[in-house]
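J.: Can you keep this structure in mind? I'll have questions shortly.
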Amino acid sequence: MTAIGLSSSMIIGINVAESIATVFAFNRLLTRVKMSQKKLITTMIGARGLLIMLWAGLTFFIVNPSSFVFILPLILEIAFLMCYALMWYPIMCFAIAQSPPGHKGTTQGELLSMISLANVVGALIGGILIGTFGFELGFIISGIIAVLAIPLLRYVDIEINE
């Protein structure tokens, strides 16, 4: 974001806005979503993959500076984290619902550990892609990799039967 001319205070402001949007998604938006767990997760993975690819569009502002350059990263970050909230909740509920009695806390801890590991691996792969292919192509390839996870979901029954 600094490469497209955003100040540190603007970047912090975007981070605050995305955090508020995530809280809103968890508390208000998620309770209103009326779609199956599997469809919700699949839709959010697809949306996040597309949003990752849209980050490549920020390079336009490196060449063509604008006083409104903050709008695209703001929109992308808010949408990205709202999708994360809408994807994370069904995954967490499914994992806890499938855990054996007396092991729900352990299951949640293991899930958080795996998510953290996935974040590290994803950041490493993304860094290598961006370092190798450049910003634009790196983000496009990263988005494609994210979308390629969707076919794997057909092998998992994510619905919670209560």
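Labels used: A, B, ... for chains in the order of the structure tokens, numbers from 1 for residues in each chain, and numbers from 1 for ligands as shown.
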Do a neighbour search on Trp55 in chain A at 10 Å with only C-alpha atoms, toss out local chain neighbours closer than 4 positions, and write the hits as number ranges by chain.

T.: A: 50-51, 59, 72-73, 76-77, 135-136, 138-140, 143

J.: Residues of range 69-161 of chain A within 12 Å of range 36-43 of chain A: nearest atom pair and distance (Å, one decimal) for each, counting only C-alpha atoms, sorted by chain and number, as CSV?

T.:
residue,atom,partner,partner_atom,distance
A:Cys83,CA,A:Thr43,CA,8.8
A:Tyr84,CA,A:Ile41,CA,9.3
A:Ala85,CA,A:Ile41,CA,10.2
A:Leu86,CA,A:Leu40,CA,7.3
A:Met87,CA,A:Ile41,CA,4.9
A:Trp88,CA,A:Ile41,CA,8.0
A:Tyr89,CA,A:Ile41,CA,9.2
A:Pro90,CA,A:Gln37,CA,5.8
A:Ile91,CA,A:Ile41,CA,7.8
A:Met92,CA,A:Gln37,CA,10.9
A:Cys93,CA,A:Gln37,CA,9.6
A:Phe94,CA,A:Gln37,CA,8.7
A:Ala146,CA,A:Thr42,CA,10.8
A:Val147,CA,A:Thr42,CA,9.0
A:Leu148,CA,A:Thr42,CA,10.6
A:Ala149,CA,A:Thr42,CA,8.8
A:Ile150,CA,A:Thr42,CA,5.9
A:Pro151,CA,A:Thr42,CA,8.9
A:Leu152,CA,A:Thr42,CA,9.9
A:Leu153,CA,A:Thr42,CA,7.4
A:Arg154,CA,A:Lys38,CA,8.7
A:Tyr155,CA,A:Lys38,CA,10.8
A:Val156,CA,A:Lys38,CA,8.7
A:Asp157,CA,A:Lys38,CA,7.6
A:Ile158,CA,A:Lys38,CA,5.6
A:Glu159,CA,A:Gln37,CA,5.7
A:Ile160,CA,A:Gln37,CA,7.8
A:Asn161,CA,A:Gln37,CA,10.9

J.: Keeping only N, CA, C and O atoms, take the residues you just selected and write them out as a CSV table (one decimal), in the first residue's frame.

T.:
chain,number,residue,atom,x,y,z
A,83,CYS,N,-15.7,-11.8,4.0
A,83,CYS,CA,-15.8,-13.2,3.4
A,83,CYS,C,-15.1,-14.2,4.4
A,83,CYS,O,-15.6,-15.3,4.5
A,84,TYR,N,-14.0,-13.8,5.0
A,84,TYR,CA,-13.3,-14.6,5.9
A,84,TYR,C,-14.3,-15.0,7.1
A,84,TYR,O,-14.4,-16.1,7.5
A,85,ALA,N,-14.9,-14.0,7.6
A,85,ALA,CA,-15.9,-14.2,8.8
A,85,ALA,C,-17.0,-15.2,8.4
A,85,ALA,O,-17.3,-16.1,9.1
A,86,LEU,N,-17.5,-15.0,7.2
A,86,LEU,CA,-18.6,-15.8,6.7
A,86,LEU,C,-18.1,-17.2,6.4
A,86,LEU,O,-18.9,-18.2,6.4
A,87,MET,N,-16.9,-17.4,6.1
A,87,MET,CA,-16.3,-18.7,5.8
A,87,MET,C,-15.9,-19.4,7.1
A,87,MET,O,-16.0,-20.6,7.3
A,88,TRP,N,-15.3,-18.7,8.0
A,88,TRP,CA,-14.7,-19.2,9.2
A,88,TRP,C,-15.7,-19.8,10.2
A,88,TRP,O,-15.6,-20.9,10.7
A,89,TYR,N,-16.8,-19.1,10.4
A,89,TYR,CA,-17.8,-19.6,11.3
A,89,TYR,C,-18.4,-21.0,11.0
A,89,TYR,O,-18.4,-21.8,11.9
A,90,PRO,N,-18.8,-21.3,9.8
A,90,PRO,CA,-19.3,-22.6,9.6
A,90,PRO,C,-18.2,-23.7,9.7
A,90,PRO,O,-18.5,-24.8,10.2
A,91,ILE,N,-17.0,-23.3,9.4
A,91,ILE,CA,-15.9,-24.3,9.5
A,91,ILE,C,-15.7,-24.6,11.0
A,91,ILE,O,-15.5,-25.7,11.4
A,92,MET,N,-15.6,-23.6,11.8
A,92,MET,CA,-15.4,-23.7,13.2
A,92,MET,C,-16.6,-24.5,13.9
A,92,MET,O,-16.4,-25.5,14.6
A,93,CYS,N,-17.8,-24.2,13.5
A,93,CYS,CA,-19.0,-24.9,14.1
A,93,CYS,C,-19.0,-26.4,13.6
A,93,CYS,O,-19.2,-27.3,14.5
A,94,PHE,N,-18.6,-26.6,12.4
A,94,PHE,CA,-18.5,-28.0,11.9
A,94,PHE,C,-17.5,-28.8,12.7
A,94,PHE,O,-17.7,-29.9,13.1
A,146,ALA,N,-6.3,-20.2,-4.6
A,146,ALA,CA,-7.4,-20.2,-3.6
A,146,ALA,C,-8.7,-20.8,-4.2
A,146,ALA,O,-9.3,-21.6,-3.5
A,147,VAL,N,-9.0,-20.4,-5.4
A,147,VAL,CA,-10.2,-20.9,-6.1
A,147,VAL,C,-10.1,-22.4,-6.3
A,147,VAL,O,-11.1,-23.1,-6.3
A,148,LEU,N,-8.9,-22.9,-6.6
A,148,LEU,CA,-8.8,-24.3,-6.8
A,148,LEU,C,-9.1,-25.2,-5.6
A,148,LEU,O,-9.3,-26.4,-5.8
A,149,ALA,N,-9.3,-24.6,-4.5
A,149,ALA,CA,-9.7,-25.4,-3.3
A,149,ALA,C,-11.1,-25.8,-3.3
A,149,ALA,O,-11.5,-26.7,-2.7
A,150,ILE,N,-11.9,-25.1,-4.1
A,150,ILE,CA,-13.4,-25.3,-4.2
A,150,ILE,C,-13.7,-26.8,-4.6
A,150,ILE,O,-14.5,-27.4,-3.9
A,151,PRO,N,-13.1,-27.3,-5.6
A,151,PRO,CA,-13.4,-28.7,-6.0
A,151,PRO,C,-13.1,-29.7,-4.9
A,151,PRO,O,-13.8,-30.8,-4.8
A,152,LEU,N,-12.2,-29.4,-4.0
A,152,LEU,CA,-11.9,-30.3,-2.9
A,152,LEU,C,-13.1,-30.5,-1.9
A,152,LEU,O,-13.2,-31.5,-1.2
A,153,LEU,N,-13.9,-29.4,-1.8
A,153,LEU,CA,-15.1,-29.4,-0.9
A,153,LEU,C,-16.1,-30.5,-1.2
A,153,LEU,O,-16.9,-30.9,-0.4
A,154,ARG,N,-16.2,-31.0,-2.5
A,154,ARG,CA,-17.2,-31.9,-2.8
A,154,ARG,C,-16.9,-33.3,-2.1
A,154,ARG,O,-17.8,-34.1,-2.0
A,155,TYR,N,-15.7,-33.5,-1.6
A,155,TYR,CA,-15.4,-34.7,-0.9
A,155,TYR,C,-15.7,-34.6,0.6
A,155,TYR,O,-15.4,-35.5,1.4
A,156,VAL,N,-16.1,-33.4,1.1
A,156,VAL,CA,-16.3,-33.2,2.5
A,156,VAL,C,-17.8,-32.9,2.8
A,156,VAL,O,-18.4,-32.0,2.1
A,157,ASP,N,-18.4,-33.5,3.7
A,157,ASP,CA,-19.8,-33.2,4.1
A,157,ASP,C,-19.7,-32.2,5.3
A,157,ASP,O,-19.4,-32.6,6.4
A,158,ILE,N,-19.9,-31.0,4.9
A,158,ILE,CA,-19.7,-29.9,5.9
A,158,ILE,C,-21.0,-29.6,6.7
A,158,ILE,O,-21.0,-28.9,7.7
A,159,GLU,N,-22.1,-30.1,6.3
A,159,GLU,CA,-23.4,-29.8,6.9
A,159,GLU,C,-23.4,-30.3,8.4
A,159,GLU,O,-22.9,-31.4,8.7
A,160,ILE,N,-24.0,-29.5,9.3
A,160,ILE,CA,-24.1,-29.8,10.7
A,160,ILE,C,-25.5,-30.4,10.9
A,160,ILE,O,-26.5,-29.7,10.7
A,161,ASN,N,-25.5,-31.6,11.3
A,161,ASN,CA,-26.8,-32.3,11.6
A,161,ASN,C,-27.1,-32.2,13.1
A,161,ASN,O,-26.4,-32.9,13.8

J.: Would you pick out the contacts of Thr2 in chain A at 10 Å or less, using only C-alpha atoms, so that residues sharing its chain but fewer than 4 positions from it are not included, and give the list as a ChimeraX atom specification?

T.: /A:6-8,10-11,62

J.: Can you spit out the residues from that selection as a tab-separated table (two decimals), in the first residue's frame, using all heavy atoms?

T.:
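File result-v6.tsv, as written:
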chain	number	residue	atom	x	y	z
A	6	LEU	N	0.02	5.39	-0.19
A	6	LEU	CA	-0.75	5.54	1.05
A	6	LEU	C	0.19	5.81	2.22
A	6	LEU	O	1.24	5.19	2.35
A	6	LEU	CB	-1.57	4.29	1.34
A	6	LEU	CG	-2.70	3.97	0.35
A	6	LEU	CD1	-3.44	2.72	0.78
A	6	LEU	CD2	-3.66	5.13	0.23
A	7	SER	N	-0.23	6.72	3.08
A	7	SER	CA	0.55	7.04	4.27
A	7	SER	C	0.32	5.96	5.33
A	7	SER	O	-0.64	5.19	5.25
A	7	SER	CB	0.12	8.40	4.82
A	7	SER	OG	-1.22	8.32	5.29
A	8	SER	N	1.18	5.95	6.32
A	8	SER	CA	1.03	4.98	7.42
A	8	SER	C	-0.30	5.16	8.14
A	8	SER	O	-0.95	4.18	8.50
A	8	SER	CB	2.19	5.13	8.42
A	8	SER	OG	3.40	4.80	7.81
A	10	MET	N	-3.08	6.27	6.87
A	10	MET	CA	-4.14	5.78	5.99
A	10	MET	C	-4.20	4.25	6.04
A	10	MET	O	-5.28	3.66	6.09
A	10	MET	CB	-3.92	6.25	4.56
A	10	MET	CG	-5.04	5.86	3.62
A	10	MET	SD	-6.64	6.59	4.02
A	10	MET	CE	-6.38	8.27	3.53
A	11	ILE	N	-3.06	3.61	6.07
A	11	ILE	CA	-3.00	2.14	6.14
A	11	ILE	C	-3.59	1.67	7.47
A	11	ILE	O	-4.37	0.71	7.51
A	11	ILE	CB	-1.56	1.63	5.94
A	11	ILE	CG1	-1.10	1.94	4.51
A	11	ILE	CG2	-1.46	0.14	6.23
A	11	ILE	CD1	0.37	1.71	4.26
A	62	ILE	N	0.27	2.68	-9.10
A	62	ILE	CA	1.70	2.98	-9.02
A	62	ILE	C	2.08	3.86	-10.20
A	62	ILE	O	2.82	4.83	-10.06
A	62	ILE	CB	2.53	1.68	-9.00
A	62	ILE	CG1	2.28	0.92	-7.71
A	62	ILE	CG2	4.03	1.99	-9.17
A	62	ILE	CD1	2.91	-0.46	-7.65

J.: Between A:Leu137, A:Ser142, A:Ala79, A:Ala17, which one has atoms that come closest to Gly57 in chain A, using only C-alpha atoms?

T.: A:Leu137

J.: Could you tell me which of A:Arg28, A:Ser116, A:Ala56, A:Gly105 comes closest to Phe133 in chain A if we count only C-alpha atoms?

T.: A:Ala56

J.: Would you mind reading off the distance between CA of Gly5 in chain A and CA of Ile71 in chain A, one decimal, in Å?

T.: 12.2 Å

J.: Taking only C-alpha atoms into account, name the residue in A:Ile52, A:Ile4, A:Met114, A:Ile128 that is nearest to Ser66 in chain A.

T.: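 Checking each candidate against Ser66 in chain A, we get A:Ile4 as the closest.
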